[in-house]
>>> print(open('target.txt').read())   # compact mmCIF, C-alpha atoms
# COMPACT_ATOMS: atom_id res chain seq x y z
CA GLY A 198 -10.38 -8.31 -10.24
CA ALA A 199 -8.32 -10.65 -8.14
CA VAL A 200 -9.12 -10.99 -4.46
CA VAL A 201 -6.75 -11.10 -1.53
CA SER A 202 -8.21 -12.22 1.76
CA GLN A 203 -6.53 -11.23 4.99
CA HIS A 204 -7.53 -12.69 8.33
CA PRO A 205 -8.20 -11.71 11.03
CA SER A 206 -9.29 -8.15 10.42
CA TRP A 207 -8.52 -7.23 14.01
CA VAL A 208 -6.96 -8.94 16.97
CA ILE A 209 -6.28 -8.04 20.57
CA CYS A 210 -3.70 -9.99 22.48
CA LYS A 211 -1.74 -9.90 25.70
CA SER A 212 1.86 -8.83 25.80
CA GLY A 213 4.19 -11.78 25.30
CA THR A 214 1.85 -13.86 23.19
CA SER A 215 2.19 -14.58 19.48
CA VAL A 216 -0.27 -13.65 16.78
CA LYS A 217 -0.61 -15.14 13.31
CA ILE A 218 -2.04 -13.21 10.37
CA GLU A 219 -3.01 -14.97 7.16
CA CYS A 220 -2.98 -13.62 3.65
CA ARG A 221 -4.61 -15.64 0.90
CA SER A 222 -4.94 -15.06 -2.81
CA LEU A 223 -8.39 -16.46 -3.52
CA ASP A 224 -8.52 -16.75 -7.28
CA PHE A 225 -4.95 -16.57 -8.44
CA GLN A 226 -1.55 -17.91 -7.55
CA ALA A 227 0.91 -15.51 -6.03
CA THR A 228 4.53 -16.47 -6.03
CA THR A 229 5.30 -13.26 -4.22
CA MET A 230 3.42 -11.59 -1.40
CA PHE A 231 4.34 -8.48 0.51
CA TRP A 232 3.78 -7.43 4.09
CA TYR A 233 3.36 -3.80 5.08
CA ARG A 234 2.91 -2.02 8.35
CA GLN A 235 1.04 1.22 8.85
CA PHE A 236 1.07 3.37 11.97
CA PRO A 237 -1.79 5.79 12.55
CA LYS A 238 -1.75 8.69 10.14
CA GLN A 239 1.46 7.44 8.58
CA SER A 240 2.31 5.76 5.33
CA LEU A 241 2.65 2.08 4.60
CA MET A 242 6.10 0.71 5.25
CA LEU A 243 7.24 -2.44 3.51
CA MET A 244 8.32 -5.01 6.07
CA ALA A 245 9.22 -8.01 3.94
CA THR A 246 8.81 -9.80 0.67
CA SER A 247 7.46 -13.31 0.96
CA ASN A 248 8.48 -15.80 -1.71
CA GLU A 249 6.78 -19.17 -2.08
CA GLY A 250 9.07 -21.97 -1.07
CA SER A 251 11.93 -19.81 0.11
CA LYS A 252 12.89 -17.51 2.93
CA ALA A 253 11.36 -14.09 3.14
CA THR A 254 13.41 -11.01 2.37
CA TYR A 255 13.20 -8.46 5.16
CA GLU A 256 13.63 -4.75 4.84
CA GLN A 257 16.29 -3.00 6.84
CA GLY A 258 15.34 -2.56 10.44
CA VAL A 259 12.69 -5.30 10.50
CA GLU A 260 13.48 -8.09 12.95
CA LYS A 261 13.08 -11.39 11.16
CA ASP A 262 12.91 -13.31 14.42
CA LYS A 263 10.14 -11.04 15.58
CA PHE A 264 8.08 -11.14 12.43
CA LEU A 265 8.09 -14.68 11.10
CA ILE A 266 6.89 -15.08 7.55
CA ASN A 267 5.92 -18.36 5.98
CA HIS A 268 4.85 -18.74 2.35
CA ALA A 269 4.04 -22.42 2.21
CA SER A 270 1.89 -22.37 -0.91
CA LEU A 271 1.15 -20.22 -3.92
CA THR A 272 -1.99 -18.90 -2.28
CA LEU A 273 -1.04 -18.44 1.35
CA SER A 274 1.47 -16.38 3.28
CA THR A 275 1.41 -15.94 7.04
CA LEU A 276 2.95 -13.33 9.28
CA THR A 277 3.48 -14.30 12.90
CA VAL A 278 4.26 -11.57 15.39
CA THR A 279 6.15 -13.40 18.10
CA SER A 280 6.18 -12.33 21.73
CA ALA A 281 4.15 -9.29 20.88
CA HIS A 282 4.58 -6.07 22.82
CA PRO A 283 2.52 -2.88 22.84
CA GLU A 284 4.92 -1.22 20.41
CA ASP A 285 3.98 -3.90 17.86
CA SER A 286 0.45 -2.57 17.82
CA SER A 287 -0.17 -1.44 14.29
CA PHE A 288 -2.12 -2.02 11.11
CA TYR A 289 -0.62 -4.81 9.02
CA ILE A 290 -1.45 -5.15 5.33
CA CYS A 291 -0.51 -7.82 2.85
CA SER A 292 -0.49 -7.68 -0.90
CA ALA A 293 -0.10 -10.28 -3.61
CA GLY A 294 1.04 -9.96 -7.17
CA THR A 295 -0.50 -11.65 -10.19
CA ALA A 296 1.42 -13.14 -13.09
CA ASN A 297 1.09 -9.88 -15.03
CA GLU A 298 2.47 -8.02 -12.02
CA LYS A 299 -0.72 -6.40 -10.89
CA LEU A 300 -0.87 -5.97 -7.16
CA PHE A 301 -3.87 -6.54 -4.93
CA PHE A 302 -4.12 -5.70 -1.28
CA GLY A 303 -5.73 -7.43 1.65
CA SER A 304 -8.08 -5.48 3.86
CA GLY A 305 -5.56 -5.29 6.67
CA THR A 306 -5.29 -6.48 10.24
CA GLN A 307 -5.42 -4.15 13.20
CA LEU A 308 -3.26 -5.58 15.98
CA SER A 309 -3.60 -4.25 19.50
CA VAL A 310 -1.22 -5.59 22.12
CA LEU A 311 -2.22 -4.94 25.70
CA ALA B 213 17.84 7.11 -1.30
CA GLN B 214 14.48 6.01 -2.59
CA ARG B 215 11.75 8.25 -1.36
CA VAL B 216 8.24 9.39 -2.24
CA THR B 217 7.00 12.71 -0.95
CA GLN B 218 3.42 13.91 -0.86
CA PRO B 219 3.66 17.39 0.59
CA GLU B 220 -0.02 17.83 1.39
CA LYS B 221 -1.68 15.84 4.16
CA LEU B 222 -5.08 17.27 3.33
CA LEU B 223 -6.49 18.81 0.19
CA SER B 224 -9.97 20.25 0.38
CA VAL B 225 -11.82 21.41 -2.73
CA PHE B 226 -15.38 22.08 -3.79
CA LYS B 227 -17.25 19.80 -6.14
CA GLY B 228 -16.48 20.66 -9.74
CA ALA B 229 -13.15 22.28 -8.94
CA PRO B 230 -9.90 20.97 -10.43
CA VAL B 231 -7.75 18.73 -8.29
CA GLU B 232 -4.01 18.20 -8.25
CA LEU B 233 -2.43 15.88 -5.71
CA LYS B 234 1.30 16.38 -5.66
CA CYS B 235 3.87 13.62 -5.63
CA ASN B 236 7.63 13.89 -5.93
CA TYR B 237 10.05 11.03 -5.91
CA SER B 238 13.70 10.27 -5.50
CA TYR B 239 15.09 7.22 -7.27
CA SER B 240 18.34 6.57 -9.04
CA GLY B 241 17.08 4.22 -11.73
CA SER B 242 13.94 4.07 -13.86
CA PRO B 243 11.05 3.78 -11.47
CA GLU B 244 7.49 2.74 -11.97
CA LEU B 245 5.05 5.13 -10.38
CA PHE B 246 1.60 4.37 -9.10
CA TRP B 247 -1.33 6.06 -7.46
CA TYR B 248 -3.37 4.06 -4.98
CA VAL B 249 -6.66 5.10 -3.43
CA GLN B 250 -8.31 4.06 -0.20
CA TYR B 251 -11.96 4.94 0.18
CA SER B 252 -13.47 5.06 3.64
CA ARG B 253 -13.52 1.59 5.23
CA GLN B 254 -12.25 -0.07 2.09
CA ARG B 255 -8.97 -1.64 1.17
CA LEU B 256 -6.22 0.00 -0.77
CA GLN B 257 -6.68 -0.30 -4.52
CA LEU B 258 -4.75 0.71 -7.58
CA LEU B 259 -5.97 3.87 -9.25
CA LEU B 260 -3.45 4.11 -12.05
CA ARG B 261 0.12 3.39 -13.03
CA HIS B 262 2.28 5.52 -15.24
CA ILE B 263 3.19 2.69 -17.60
CA SER B 264 -0.39 2.11 -18.69
CA ARG B 265 -0.97 5.81 -19.34
CA GLU B 266 -4.69 5.34 -18.84
CA SER B 267 -7.25 7.57 -17.23
CA ILE B 268 -9.26 6.06 -14.42
CA LYS B 269 -12.34 7.79 -13.00
CA GLY B 270 -11.21 10.93 -14.76
CA PHE B 271 -7.83 10.98 -13.04
CA THR B 272 -4.59 11.27 -14.96
CA ALA B 273 -0.97 11.47 -13.93
CA ASP B 274 2.06 12.25 -16.03
CA LEU B 275 5.54 11.19 -15.08
CA ASN B 276 7.88 14.17 -15.29
CA LYS B 277 11.39 12.83 -15.02
CA GLY B 278 12.95 16.27 -15.12
CA GLU B 279 11.01 17.41 -12.09
CA THR B 280 10.84 13.88 -10.61
CA SER B 281 7.12 14.33 -10.16
CA PHE B 282 4.00 12.28 -10.72
CA HIS B 283 1.16 14.58 -9.81
CA LEU B 284 -2.40 13.26 -9.91
CA LYS B 285 -4.93 15.46 -11.64
CA LYS B 286 -8.62 15.60 -12.28
CA PRO B 287 -10.33 18.53 -13.99
CA PHE B 288 -13.62 18.36 -12.09
CA ALA B 289 -13.71 16.80 -8.63
CA GLN B 290 -16.70 14.74 -7.52
CA GLU B 291 -17.83 14.09 -3.96
CA GLU B 292 -17.20 10.38 -4.44
CA ASP B 293 -13.54 11.17 -5.04
CA SER B 294 -13.12 11.91 -1.34
CA ALA B 295 -10.56 9.39 -0.11
CA MET B 296 -6.96 8.90 0.90
CA TYR B 297 -4.54 8.87 -2.03
CA TYR B 298 -1.09 7.33 -1.92
CA CYS B 299 1.63 7.82 -4.45
CA ALA B 300 3.98 4.85 -4.67
CA LEU B 301 7.19 3.93 -6.41
CA SER B 302 8.57 0.60 -7.50
CA GLY B 303 12.01 -0.25 -8.71
CA GLY B 304 10.33 -2.09 -11.56
CA GLY B 305 11.44 -5.32 -13.14
CA SER B 306 9.87 -8.71 -12.94
CA GLY B 307 8.73 -9.55 -9.47
CA ASN B 308 9.54 -6.14 -8.11
CA THR B 309 6.29 -4.38 -8.88
CA GLY B 310 4.94 -5.19 -5.46
CA LYS B 311 7.92 -3.88 -3.57
CA LEU B 312 6.49 -0.44 -3.21
CA ILE B 313 7.65 2.65 -1.45
CA PHE B 314 4.68 4.74 -0.43
CA GLY B 315 4.30 8.43 0.13
CA GLN B 316 2.70 9.71 3.28
CA GLY B 317 -0.70 9.96 1.67
CA THR B 318 -3.01 12.88 0.96
CA THR B 319 -6.58 13.03 2.11
CA LEU B 320 -8.78 14.53 -0.57
CA GLN B 321 -11.95 16.09 0.71
CA VAL B 322 -14.48 17.17 -1.90
CA LYS B 323 -17.12 19.43 -0.46
CA PRO B 324 -20.57 19.80 -2.01
>>> encode(input="target.txt", output="structure tokens")
Amino acid sequence: GAVVSQHPSWVICKSGTSVKIECRSLDFQATTMFWYRQFPKQSLMLMATSNEGSKATYEQGVEKDKFLINHASLTLSTLTVTSAHPEDSSFYICSAGTANEKLFFGSGTQLSVL
Amino acid sequence: AQRVTQPEKLLSVFKGAPVELKCNYSYSGSPELFWYVQYSRQRLQLLLRHISRESIKGFTADLNKGETSFHLKKPFAQEEDSAMYYCALSGGGSGNTGKLIFGQGTTLQVKP
């Protein structure tokens, strides 16, 4: 099946710094990618829908200035957590949809903000 | 409001026993329902979707609109079925399949 690569798999940063997470569709083009957040022992929560060449659509309650999403090409979407704080520590997962609307997930990024 | 509820956090069964993972949903339109599975240290992957009506690894799920349920079933559990299972809902339509609302997840533990 299709492969979605997410990088890095884990990152530790200091409070106040910014962190960029990449999501790539390796063998297919994804006009739409999705970013989820998962707290320990909780479900995945959709943060935003990333559309190639246009602005991302954020879910209610997600700060767009805090979580910057860029979808510059059909195979790459990035999520930048700006001025990260400890409460931003979480597991972030991306997914990408194929032309026939099948969805594939990245392996996730564990962010720890000190 | 759109919502997916998986009432059981943990389901523990013995190998060979039947399994039913419960999922109820709340959605005003015609949703698409999915089951995703996450094996230990692996990424989330699609197990099945109600539209395809296929059986994967012996698992089936029937959409019951009257009861707004999409329970996942398998007649004989195997140890390799031990994993976290998520029920998810999509509003459907082109481009919307990935905009999923997930349930809280159920850990299935199959004991030898």
>>> interface_residues(input="target.txt", of="chain B", to="chain A", cutoff="12 Å", atoms="all atoms listed in the file", output="ChimeraX atom specification")
/B:215-218,221-222,244,246,248-261,263-264,296-302,304-319
>>> atom_distance(input="target.txt", atom1="atom CA of Glu292 of chain B", atom2="atom CA of Trp247 of chain B")
16.7 Å
>>> closest_residue(input="target.txt", among="A:Cys210, A:His268, A:Val200, A:Pro205", to="Phe225 of chain A", atoms="only C-alpha atoms")
A:Val200
>>> axis_aligned_box(input="target.txt", around="segment 233-248 of chain A", padding_each_side="6 Å", output="lines of an AutoDock Vina configuration file")
center_x = 3.7
center_y = -3.6
center_z = 5.4
size_x = 23.0
size_y = 36.5
size_z = 26.3
>>> atom_distance(input="target.txt", atom1="atom CA of Trp207 of chain A", atom2="atom CA of Pro283 of chain A")
14.8 Å
>>> atom_distance(input="target.txt", atom1="atom CA of Tyr237 of chain B", atom2="atom CA of Glu279 of chain B")
8.9 Å
